[in-house]
$ cat target.tsv   # TSV, C-alpha atoms and all ligand atoms
chain	number	residue	atom	x	y	z
A	77	MET	CA	-4.86	-50.02	-67.34
A	78	ALA	CA	-4.62	-46.26	-66.86
A	79	ARG	CA	-7.90	-46.27	-64.97
A	80	ALA	CA	-6.60	-49.00	-62.66
A	81	ALA	CA	-3.44	-46.99	-61.99
A	82	VAL	CA	-5.44	-43.87	-61.10
A	83	ARG	CA	-7.75	-45.85	-58.84
A	84	GLY	CA	-4.70	-47.33	-57.09
A	85	ARG	CA	-3.22	-43.90	-56.41
A	86	LEU	CA	-6.43	-42.54	-54.94
A	87	THR	CA	-7.16	-45.51	-52.72
A	88	TRP	CA	-6.56	-45.01	-49.01
A	89	ARG	CA	-4.00	-47.46	-47.70
A	90	LEU	CA	-2.18	-48.10	-44.47
A	91	ALA	CA	1.36	-46.85	-43.94
A	92	THR	CA	3.46	-48.07	-41.04
A	93	VAL	CA	5.79	-45.64	-39.29
A	94	ALA	CA	9.35	-47.00	-39.42
A	95	ALA	CA	10.85	-43.96	-37.67
A	96	ASN	CA	9.92	-40.51	-36.38
A	97	ALA	CA	13.12	-38.48	-36.07
A	98	PRO	CA	13.98	-34.79	-35.55
A	99	GLU	CA	14.82	-32.90	-38.74
A	100	ALA	CA	14.98	-29.28	-37.47
A	101	ARG	CA	13.41	-27.28	-34.65
A	102	GLY	CA	9.76	-28.37	-34.43
A	103	VAL	CA	10.13	-30.47	-37.56
A	104	ARG	CA	10.11	-34.29	-37.70
A	105	ARG	CA	10.83	-36.76	-40.47
A	106	LEU	CA	8.37	-39.65	-40.63
A	107	ALA	CA	9.80	-42.64	-42.48
A	108	LEU	CA	6.91	-44.78	-43.72
A	109	ARG	CA	6.67	-48.30	-45.07
A	110	ILE	CA	3.76	-48.68	-47.48
A	111	ASP	CA	2.78	-52.05	-48.91
A	112	GLY	CA	2.25	-51.88	-52.66
A	113	TRP	CA	3.73	-48.38	-53.06
A	114	ASP	CA	4.29	-47.92	-56.80
A	115	GLY	CA	6.77	-45.08	-56.46
A	116	HIS	CA	6.45	-41.34	-56.93
A	117	LEU	CA	7.94	-38.45	-58.86
A	118	PRO	CA	10.05	-35.87	-56.99
A	119	GLY	CA	7.75	-33.01	-56.04
A	120	GLN	CA	4.58	-35.08	-55.61
A	121	HIS	CA	2.63	-35.19	-52.37
A	122	VAL	CA	0.37	-37.56	-50.47
A	123	ASP	CA	-2.81	-37.05	-48.46
A	124	VAL	CA	-2.82	-38.24	-44.85
A	125	ARG	CA	-6.11	-38.98	-43.08
A	126	LEU	CA	-6.62	-39.27	-39.32
A	127	THR	CA	-9.76	-40.73	-37.79
A	128	ALA	CA	-10.78	-40.05	-34.17
A	129	PRO	CA	-12.53	-42.73	-32.07
A	130	ASP	CA	-15.85	-40.88	-32.62
A	131	GLY	CA	-15.39	-41.09	-36.40
A	132	TYR	CA	-14.28	-37.46	-36.95
A	133	GLN	CA	-11.72	-37.31	-39.75
A	134	ALA	CA	-9.09	-34.74	-40.67
A	135	GLN	CA	-7.06	-34.82	-43.85
A	136	ARG	CA	-3.89	-32.91	-44.83
A	137	SER	CA	-1.39	-33.05	-47.68
A	138	TYR	CA	2.37	-33.58	-47.30
A	139	SER	CA	5.11	-33.52	-49.92
A	140	VAL	CA	7.23	-36.63	-50.20
A	141	ALA	CA	10.71	-35.74	-48.92
A	142	SER	CA	12.50	-38.90	-49.98
A	143	ALA	CA	13.66	-39.72	-53.48
A	144	PRO	CA	11.86	-42.26	-55.64
A	145	GLY	CA	13.34	-45.68	-54.93
A	146	ASN	CA	14.15	-44.93	-51.31
A	147	ALA	CA	13.49	-47.81	-48.91
A	148	THR	CA	10.92	-45.69	-47.05
A	149	VAL	CA	8.51	-42.95	-48.14
A	150	ASP	CA	9.47	-40.00	-45.95
A	151	LEU	CA	7.33	-37.03	-44.94
A	152	VAL	CA	8.84	-34.02	-43.20
A	153	VAL	CA	6.26	-32.30	-41.03
A	154	GLN	CA	6.52	-28.91	-39.38
A	155	ARG	CA	4.62	-28.75	-36.10
A	156	LEU	CA	2.13	-25.88	-36.00
A	157	ASP	CA	1.37	-25.28	-32.32
A	158	ASP	CA	-2.29	-24.44	-33.01
A	159	GLY	CA	-2.61	-27.02	-35.77
A	160	GLU	CA	-5.06	-29.87	-35.79
A	161	VAL	CA	-3.06	-32.57	-37.57
A	162	SER	CA	0.65	-31.69	-37.54
A	163	PRO	CA	1.14	-31.97	-33.71
A	164	TYR	CA	-0.25	-35.50	-33.85
A	165	LEU	CA	2.12	-36.48	-36.65
A	166	THR	CA	5.19	-34.94	-35.00
A	167	ASP	CA	4.54	-35.65	-31.30
A	168	VAL	CA	2.33	-38.71	-31.04
A	169	LEU	CA	3.20	-41.11	-33.84
A	170	ARG	CA	5.82	-43.71	-32.96
A	171	ALA	CA	7.58	-46.49	-34.88
A	172	GLY	CA	5.10	-49.28	-35.48
A	173	ASP	CA	2.04	-46.98	-35.55
A	174	GLN	CA	-0.09	-46.89	-38.68
A	175	LEU	CA	-1.83	-44.08	-40.53
A	176	GLU	CA	-4.01	-43.81	-43.60
A	177	LEU	CA	-2.52	-42.29	-46.70
A	178	ARG	CA	-3.23	-41.96	-50.42
A	179	GLY	CA	-1.08	-40.90	-53.33
A	180	PRO	CA	1.21	-40.01	-54.91
A	181	ILE	CA	-0.64	-36.93	-56.13
A	182	GLY	CA	0.26	-34.11	-58.52
A	183	GLY	CA	1.80	-33.92	-61.96
A	184	TYR	CA	2.56	-30.22	-62.16
A	185	PHE	CA	5.11	-29.51	-59.44
A	186	VAL	CA	7.49	-32.30	-60.42
A	187	TRP	CA	11.01	-32.38	-61.78
A	188	ASP	CA	11.83	-34.74	-64.64
A	189	ALA	CA	15.34	-36.17	-64.22
A	190	ARG	CA	15.61	-36.68	-67.99
A	191	ASP	CA	15.53	-32.89	-68.43
A	192	ASP	CA	19.05	-31.43	-68.46
A	193	ALA	CA	17.93	-27.77	-68.34
A	194	PRO	CA	19.15	-25.74	-65.35
A	195	VAL	CA	16.90	-25.99	-62.30
A	196	GLN	CA	16.21	-23.20	-59.84
A	197	LEU	CA	14.60	-24.11	-56.53
A	198	VAL	CA	13.35	-21.36	-54.20
A	199	ALA	CA	12.00	-22.42	-50.81
A	200	GLY	CA	10.56	-20.72	-47.76
A	201	GLY	CA	10.42	-22.77	-44.53
A	202	SER	CA	8.85	-26.20	-44.98
A	203	GLY	CA	8.57	-25.36	-48.68
A	204	VAL	CA	11.97	-26.99	-48.99
A	205	VAL	CA	10.49	-30.47	-48.47
A	206	PRO	CA	9.67	-31.34	-52.11
A	207	PHE	CA	13.14	-30.06	-53.04
A	208	LEU	CA	14.80	-32.58	-50.71
A	209	SER	CA	13.24	-35.29	-52.88
A	210	MET	CA	14.30	-33.55	-56.10
A	211	LEU	CA	17.89	-33.08	-54.92
A	212	ASP	CA	18.25	-36.68	-53.73
A	213	HIS	CA	16.80	-37.87	-57.05
A	214	HIS	CA	19.22	-35.60	-58.92
A	215	ALA	CA	22.09	-37.27	-57.04
A	216	ALA	CA	20.74	-40.80	-57.45
A	217	THR	CA	20.24	-40.47	-61.20
A	218	GLY	CA	23.56	-38.71	-61.82
A	219	SER	CA	21.65	-35.93	-63.56
A	220	GLY	CA	23.73	-33.36	-65.40
A	221	ALA	CA	21.18	-30.58	-64.84
A	222	PRO	CA	22.84	-27.67	-63.01
A	223	VAL	CA	20.82	-26.90	-59.88
A	224	ARG	CA	20.64	-23.98	-57.50
A	225	LEU	CA	18.62	-23.77	-54.30
A	226	LEU	CA	17.75	-20.48	-52.61
A	227	TYR	CA	16.24	-21.32	-49.21
A	228	SER	CA	14.81	-18.84	-46.72
A	229	ALA	CA	14.67	-20.04	-43.10
A	230	ARG	CA	14.24	-18.18	-39.83
A	231	THR	CA	17.38	-19.26	-37.95
A	232	PRO	CA	20.05	-21.96	-38.36
A	233	ALA	CA	18.03	-24.24	-36.06
A	234	ASP	CA	15.09	-24.01	-38.46
A	235	VAL	CA	16.99	-25.16	-41.53
A	236	ILE	CA	15.40	-28.43	-42.65
A	237	GLY	CA	17.76	-31.11	-43.98
A	238	HIS	CA	20.84	-29.02	-43.25
A	239	ALA	CA	23.38	-31.87	-43.25
A	240	ARG	CA	21.98	-33.32	-46.45
A	241	LEU	CA	22.01	-29.90	-48.13
A	242	GLN	CA	25.69	-29.56	-47.23
A	243	GLN	CA	26.34	-32.90	-48.96
A	244	HIS	CA	24.53	-31.66	-52.05
A	245	GLU	CA	26.56	-28.48	-51.95
A	246	ALA	CA	29.77	-30.55	-51.82
A	247	ARG	CA	28.76	-32.29	-55.07
A	248	GLY	CA	28.23	-29.00	-56.89
A	249	ILE	CA	24.66	-27.95	-56.15
A	250	GLY	CA	24.45	-24.21	-55.49
A	251	VAL	CA	22.93	-23.86	-52.03
A	252	THR	CA	22.19	-20.38	-50.66
A	253	ILE	CA	20.49	-20.16	-47.29
A	254	ALA	CA	18.99	-16.81	-46.32
A	255	LEU	CA	18.23	-16.32	-42.63
A	256	THR	CA	15.45	-13.95	-41.65
A	257	ARG	CA	15.66	-13.74	-37.83
A	258	GLU	CA	19.02	-14.80	-36.39
A	259	TRP	CA	22.49	-15.07	-37.82
A	260	PRO	CA	25.43	-16.98	-36.35
A	261	PRO	CA	28.71	-15.06	-35.86
A	262	GLY	CA	30.55	-14.68	-39.15
A	263	TRP	CA	27.44	-15.41	-41.23
A	264	THR	CA	28.07	-14.31	-44.81
A	265	GLY	CA	24.82	-15.44	-46.42
A	266	PRO	CA	21.83	-13.19	-47.11
A	267	CYS	CA	20.02	-11.76	-44.07
A	268	GLY	CA	16.36	-10.81	-43.85
A	269	ARG	CA	13.46	-11.68	-46.10
A	270	LEU	CA	14.16	-12.32	-49.75
A	271	THR	CA	14.05	-9.13	-51.77
A	272	PRO	CA	13.89	-8.83	-55.56
A	273	GLN	CA	17.62	-8.03	-55.40
A	274	THR	CA	18.45	-11.15	-53.34
A	275	VAL	CA	16.44	-13.23	-55.77
A	276	ARG	CA	18.22	-11.66	-58.71
A	277	ASP	CA	21.64	-12.22	-57.09
A	278	HIS	CA	21.18	-15.89	-56.22
A	279	VAL	CA	19.06	-17.51	-58.95
A	280	TRP	CA	20.04	-18.52	-62.44
A	281	PRO	CA	19.69	-15.55	-64.80
A	282	ALA	CA	16.68	-15.68	-67.09
A	283	ARG	CA	18.92	-16.11	-70.15
A	284	ARG	CA	19.83	-19.62	-68.87
A	285	GLU	CA	16.12	-20.48	-69.19
A	286	PRO	CA	15.95	-22.51	-65.95
A	287	ARG	CA	13.01	-24.60	-64.80
A	288	VAL	CA	11.98	-22.66	-61.69
A	289	PHE	CA	10.16	-24.18	-58.71
A	290	VAL	CA	9.00	-21.95	-55.85
A	291	CYS	CA	7.47	-23.38	-52.68
A	292	GLY	CA	6.47	-21.57	-49.49
A	293	THR	CA	3.69	-19.57	-47.88
A	294	THR	CA	1.40	-17.57	-50.10
A	295	GLY	CA	3.11	-14.28	-49.28
A	296	PHE	CA	6.58	-15.73	-49.79
A	297	ALA	CA	5.71	-17.40	-53.08
A	298	GLU	CA	4.06	-14.31	-54.51
A	299	ALA	CA	6.96	-12.03	-53.51
A	300	VAL	CA	9.48	-14.40	-55.05
A	301	ALA	CA	7.42	-14.82	-58.20
A	302	ASP	CA	7.21	-11.03	-58.55
A	303	GLY	CA	11.00	-10.81	-58.24
A	304	LEU	CA	11.56	-13.56	-60.77
A	305	VAL	CA	9.21	-12.08	-63.35
A	306	ALA	CA	10.67	-8.59	-62.80
A	307	SER	CA	14.13	-9.97	-63.53
A	308	GLY	CA	13.00	-11.44	-66.81
A	309	HIS	CA	11.91	-15.02	-66.06
A	310	ALA	CA	9.02	-16.18	-68.19
A	311	PRO	CA	5.91	-16.74	-66.04
A	312	ALA	CA	5.35	-20.08	-67.79
A	313	ALA	CA	8.76	-21.32	-66.62
A	314	VAL	CA	7.95	-20.67	-62.95
A	315	ARG	CA	5.98	-23.32	-61.05
A	316	ILE	CA	4.64	-22.40	-57.65
A	317	GLU	CA	3.31	-24.48	-54.78
A	318	ARG	CA	2.05	-22.38	-51.89
A	319	PHE	CA	0.47	-23.02	-48.52
A	320	GLY	CA	-0.72	-21.50	-45.30
A	321	ASP	CA	-2.70	-18.38	-44.68
A	322	ALA	CA	-3.91	-16.72	-47.86
A	323	ARG	CA	-4.55	-13.40	-46.10
A	324	GLY	CA	-2.56	-10.31	-47.03
A	325	ALA	CA	-1.85	-8.51	-50.25
A	326	ARG	CA	-2.16	-10.60	-53.36
A	327	HIS	CA	-0.41	-9.73	-56.51
A	328	ASP	CA	-0.65	-11.98	-59.51
A	329	PRO	CA	2.46	-11.83	-61.70
A	330	GLY	CA	0.79	-14.18	-64.17
A	331	VAL	CA	2.47	-17.27	-62.74
A	332	PRO	CA	0.27	-20.38	-62.39
A	333	THR	CA	0.25	-21.85	-58.89
A	334	ALA	CA	-0.62	-25.08	-57.14
A	335	ARG	CA	-2.24	-24.52	-53.77
A	336	ARG	CA	-0.63	-26.28	-50.80
B	1	LIG	C1	0.38	-30.14	-51.56
B	1	LIG	C2	0.74	-29.81	-50.13
B	1	LIG	C3	1.96	-30.22	-49.60
B	1	LIG	C4	2.29	-29.92	-48.28
B	1	LIG	N1	3.49	-30.35	-47.81
B	1	LIG	C5	3.83	-30.11	-46.53
B	1	LIG	C6	5.07	-30.60	-46.01
B	1	LIG	O1	5.87	-31.25	-46.72
B	1	LIG	N2	5.37	-30.34	-44.70
B	1	LIG	C7	4.51	-29.62	-43.89
B	1	LIG	O2	4.83	-29.44	-42.70
B	1	LIG	N3	3.33	-29.14	-44.36
B	1	LIG	C8	2.97	-29.38	-45.65
B	1	LIG	N4	1.76	-28.94	-46.13
B	1	LIG	C9	0.83	-28.25	-45.19
B	1	LIG	C10	-0.04	-29.32	-44.47
B	1	LIG	O3	-0.96	-29.89	-45.38
B	1	LIG	C11	-0.86	-28.73	-43.34
B	1	LIG	O4	-1.56	-27.60	-43.82
B	1	LIG	C12	-0.01	-28.33	-42.15
B	1	LIG	O5	0.65	-29.48	-41.60
B	1	LIG	C13	-0.89	-27.71	-41.05
B	1	LIG	O6	-1.87	-28.64	-40.69
B	1	LIG	P1	-2.51	-28.57	-39.23
B	1	LIG	O7	-3.72	-29.45	-39.23
B	1	LIG	O8	-1.46	-28.85	-38.19
B	1	LIG	O9	-2.90	-27.06	-39.06
B	1	LIG	P2	-4.36	-26.42	-39.33
B	1	LIG	O10	-5.19	-26.69	-38.13
B	1	LIG	O11	-4.88	-26.89	-40.64
B	1	LIG	O12	-3.94	-24.89	-39.55
B	1	LIG	C14	-3.51	-24.04	-38.54
B	1	LIG	C15	-3.20	-22.65	-39.12
B	1	LIG	O13	-1.91	-22.63	-39.76
B	1	LIG	C16	-1.98	-22.17	-41.13
B	1	LIG	N5	-0.97	-22.97	-41.87
B	1	LIG	C17	-1.17	-24.16	-42.47
B	1	LIG	N6	0.00	-24.64	-42.93
B	1	LIG	C18	0.96	-23.73	-42.61
B	1	LIG	C19	2.36	-23.67	-42.77
B	1	LIG	N7	3.04	-24.67	-43.35
B	1	LIG	N8	3.03	-22.58	-42.31
B	1	LIG	C20	2.37	-21.58	-41.69
B	1	LIG	N9	1.04	-21.59	-41.50
B	1	LIG	C21	0.33	-22.64	-41.94
B	1	LIG	C22	-3.38	-22.40	-41.56
B	1	LIG	O14	-3.74	-21.47	-42.57
B	1	LIG	C23	-4.14	-22.17	-40.23
B	1	LIG	O15	-4.36	-20.80	-40.02
B	1	LIG	C24	1.39	-29.20	-47.45
B	1	LIG	C25	0.18	-28.78	-47.97
B	1	LIG	C26	-0.15	-29.10	-49.28
B	1	LIG	C27	-1.51	-28.67	-49.81
$ encode --input "target.tsv" --output "structure tokens" --more "lines below"
Ligand SMILES: Cc1cc2nc3c(=O)[nH]c(=O)nc-3n(C[C@H](O)[C@H](O)[C@H](O)COP(=O)(O)OP(=O)(O)OC[C@H]3O[C@@H](n4cnc5c(N)ncnc54)[C@H](O)[C@@H]3O)c2cc1C
Amino acid sequence: MARAAVRGRLTWRLATVAANAPEARGVRRLALRIDGWDGHLPGQHVDVRLTAPDGYQAQRSYSVASAPGNATVDLVVQRLDDGEVSPYLTDVLRAGDQLELRGPIGGYFVWDARDDAPVQLVAGGSGVVPFLSMLDHHAATGSGAPVRLLYSARTPADVIGHARLQQHEARGIGVTIALTREWPPGWTGPCGRLTPQTVRDHVWPARREPRVFVCGTTGFAEAVADGLVASGHAPAAVRIERFGDARGARHDPGVPTARR
């Protein structure tokens, strides 16, 4: 039984694009219909595979942005101008097109809605995508877990899921957006890259023993993890999913990470 379930998850299947809509600057939400989809946990991802007419294949991973039980399985893809796969997903795919996909994948970077412990989400850029699923699932299940999101984006136009985040804020989720490059007039939120002090000011204190999820580029995730551990969070309570260029200074605060 378990073996059959695993085989099912890892089998490539066809997904049909129901919609491809703008989500933020250079970011599109692909709503997919997938026959036989068994559901996912918030935080899991899928693999997408593209095949060129000459047989060349490229494969990338994308977090599921929608909550379990949603009518469509949604991916939110940031277009990288020099990227191989993301421009095709954002610019070329249209409603009715199909693509190959397998999943859901991952059991580490997931939030369990039965867990009432405080939750701290820290996102950089498209790292917010798995948190959109977690927050929608939190709302859908009526979870009593107190949640805070600290989200670093470049400018207001780059904030992914802004309207939905405002709805979550209205129902009591703590949403702090930090802008690194451009601030609208009267902006009162944090400005510039997250510093250990910003992290300390806007996340649950360590004494609340939150479940902490950090998702962003390698540099972002490592800087945030350093700040969290320095302010007393137990490395084992901090789960990291990171992506992008691994160049640059690496500092291991002892926090386990999943590579994006
Ligand atoms: C588990 C997992 C979940 C992911 N979820 C998402 C998601 O929800 N949304 C999403 O847009 N992407 C997500 N990614 C990243 C995605 O898999 C691709 O790496 C990304 O779309 C770039 O692919 P590409 O073929 O366009 O670029 P490539 O041709 O592969 O790469 C171009 C260059 O960009 C760098 N790069 C790759 N990703 C990023 C990034 N996000 N930001 C900055 N630089 C980057 C690469 O190191 C490379 O130098 C996820 C990755 C993993 C492993």
$ residues_near_ligand --input "target.tsv" --ligand "ligand LIG 1 (chain B)" --cutoff "6 Å" --atoms "all atoms listed in the file" --output "PyMOL selection string"
chain A and resi 121+136-139+152-154+156+158-162+202+205+319-321+335-336
$ closest_residue --input "target.tsv" --among "A:Pro98, A:Gly268, A:Gly200, A:Pro118" --to "Ala216 of chain A" --atoms "all atoms listed in the file"
A:Pro118
$ atom_distance --input "target.tsv" --atom1 "atom CA of Asn146 of chain A" --atom2 "atom CA of Phe207 of chain A"
15.0 Å
$ closest_residue --input "target.tsv" --among "A:Val235, A:Gly131, A:Asp212, A:Ala171" --to "Val103 of chain A" --atoms "all atoms listed in the file"
A:Val235
$ atom_distance --input "target.tsv" --atom1 "atom CA of Pro232 of chain A" --atom2 "atom CA of Leu108 of chain A"
26.9 Å
$ closest_residue --input "target.tsv" --among "A:Leu126, A:Asp150, A:Gln243, A:Ala141" --to "Ile110 of chain A" --atoms "only C-alpha atoms"
A:Asp150
$ atom_distance --input "target.tsv" --atom1 "atom CA of Thr264 of chain A" --atom2 "atom CA of Val314 of chain A"
27.8 Å
$ residues_around --input "target.tsv" --residues "Ala199 of chain A" --least-positions-apart "2" --cutoff "7 Å" --atoms "all atoms listed in the file" --output "ChimeraX atom specification"
/A:197,201,203-204,226-228,290-292
$ closest_residue --input "target.tsv" --among "A:Thr231, A:Gln133, A:Thr92, A:Gln196" --to "Arg287 of chain A" --atoms "only C-alpha atoms"
A:Gln196
$ closest_residue --input "target.tsv" --among "A:Leu117, A:Ala107, A:Gly265, A:Glu99" --to "Arg170 of chain A" --atoms "all atoms listed in the file"
A:Ala107
$ closest_residue --input "target.tsv" --among "A:Pro260, A:Pro272, A:Gly250, A:Pro286" --to "Arg230 of chain A" --atoms "all atoms listed in the file"
A:Pro260
$ residues_around --input "target.tsv" --residues "Leu151 of chain A" --least-positions-apart "4" --cutoff "6 Å" --atoms "all atoms listed in the file" --output "compact mmCIF listing (two decimals) with C-alpha atoms, keeping the file's coordinate frame"
# COMPACT_ATOMS: atom_id res chain seq x y z
CA ARG A 105 10.83 -36.76 -40.47
CA LEU A 106 8.37 -39.65 -40.63
CA VAL A 140 7.23 -36.63 -50.20
CA ALA A 141 10.71 -35.74 -48.92
$ decode --input "target.tsv" --residues "segment 103-124 of chain A" --atoms "N, CA, C and O atoms" --output "short mmCIF file (atom, residue, chain, number, x, y, z; two decimals), in the first residue's frame"
data_model
loop_
_atom_site.label_atom_id
_atom_site.label_comp_id
_atom_site.auth_asym_id
_atom_site.auth_seq_id
_atom_site.Cartn_x
_atom_site.Cartn_y
_atom_site.Cartn_z
N VAL A 103 5.94 37.73 -12.13
CA VAL A 103 5.55 36.51 -11.41
C VAL A 103 4.14 36.12 -11.85
O VAL A 103 3.24 36.96 -11.88
N ARG A 104 3.94 34.85 -12.22
CA ARG A 104 2.64 34.39 -12.68
C ARG A 104 2.17 33.22 -11.82
O ARG A 104 2.98 32.43 -11.33
N ARG A 105 0.87 33.15 -11.67
CA ARG A 105 0.27 31.99 -10.97
C ARG A 105 -0.32 31.06 -12.00
O ARG A 105 -1.20 31.46 -12.77
N LEU A 106 0.16 29.82 -12.03
CA LEU A 106 -0.37 28.79 -12.91
C LEU A 106 -1.33 27.92 -12.11
O LEU A 106 -0.91 27.27 -11.16
N ALA A 107 -2.60 27.97 -12.50
CA ALA A 107 -3.59 27.09 -11.85
C ALA A 107 -3.69 25.83 -12.70
O ALA A 107 -3.93 25.90 -13.91
N LEU A 108 -3.46 24.69 -12.07
CA LEU A 108 -3.38 23.42 -12.81
C LEU A 108 -4.49 22.47 -12.37
O LEU A 108 -4.84 22.39 -11.18
N ARG A 109 -5.01 21.75 -13.35
CA ARG A 109 -5.93 20.64 -13.06
C ARG A 109 -5.17 19.34 -13.33
O ARG A 109 -4.57 19.18 -14.39
N ILE A 110 -5.17 18.46 -12.31
CA ILE A 110 -4.37 17.24 -12.41
C ILE A 110 -5.26 16.05 -12.09
O ILE A 110 -5.72 15.92 -10.94
N ASP A 111 -5.51 15.22 -13.08
CA ASP A 111 -6.33 14.02 -12.85
C ASP A 111 -5.65 13.13 -11.82
O ASP A 111 -4.44 12.89 -11.90
N GLY A 112 -6.42 12.65 -10.86
CA GLY A 112 -5.89 11.70 -9.89
C GLY A 112 -4.99 12.31 -8.84
O GLY A 112 -4.28 11.59 -8.14
N TRP A 113 -4.99 13.63 -8.70
CA TRP A 113 -4.16 14.29 -7.67
C TRP A 113 -4.67 13.88 -6.29
O TRP A 113 -5.84 14.05 -5.98
N ASP A 114 -3.78 13.33 -5.47
CA ASP A 114 -4.20 12.81 -4.16
C ASP A 114 -4.11 13.85 -3.05
O ASP A 114 -4.33 13.54 -1.89
N GLY A 115 -3.75 15.07 -3.40
CA GLY A 115 -3.62 16.11 -2.38
C GLY A 115 -2.17 16.27 -1.96
O GLY A 115 -1.30 15.48 -2.32
N HIS A 116 -1.91 17.35 -1.20
CA HIS A 116 -0.55 17.63 -0.77
C HIS A 116 -0.60 18.22 0.64
O HIS A 116 -1.68 18.54 1.14
N LEU A 117 0.58 18.38 1.23
CA LEU A 117 0.70 19.05 2.51
C LEU A 117 1.24 20.45 2.25
O LEU A 117 2.07 20.63 1.34
N PRO A 118 0.82 21.45 3.03
CA PRO A 118 1.32 22.81 2.77
C PRO A 118 2.82 22.89 3.02
O PRO A 118 3.30 22.55 4.10
N GLY A 119 3.54 23.32 1.98
CA GLY A 119 5.00 23.38 2.06
C GLY A 119 5.65 22.42 1.06
O GLY A 119 6.82 22.57 0.74
N GLN A 120 4.89 21.44 0.57
CA GLN A 120 5.46 20.49 -0.38
C GLN A 120 5.63 21.13 -1.76
O GLN A 120 5.04 22.17 -2.05
N HIS A 121 6.43 20.47 -2.59
CA HIS A 121 6.65 20.98 -3.94
C HIS A 121 6.39 19.89 -4.97
O HIS A 121 6.16 18.72 -4.61
N VAL A 122 6.42 20.29 -6.23
CA VAL A 122 6.31 19.33 -7.33
C VAL A 122 7.50 19.55 -8.27
O VAL A 122 8.13 20.60 -8.24
N ASP A 123 7.78 18.54 -9.07
CA ASP A 123 8.75 18.68 -10.16
C ASP A 123 7.99 18.86 -11.46
O ASP A 123 6.99 18.17 -11.70
N VAL A 124 8.46 19.79 -12.28
CA VAL A 124 7.88 20.04 -13.59
C VAL A 124 8.92 19.65 -14.63
O VAL A 124 10.11 19.97 -14.48
#
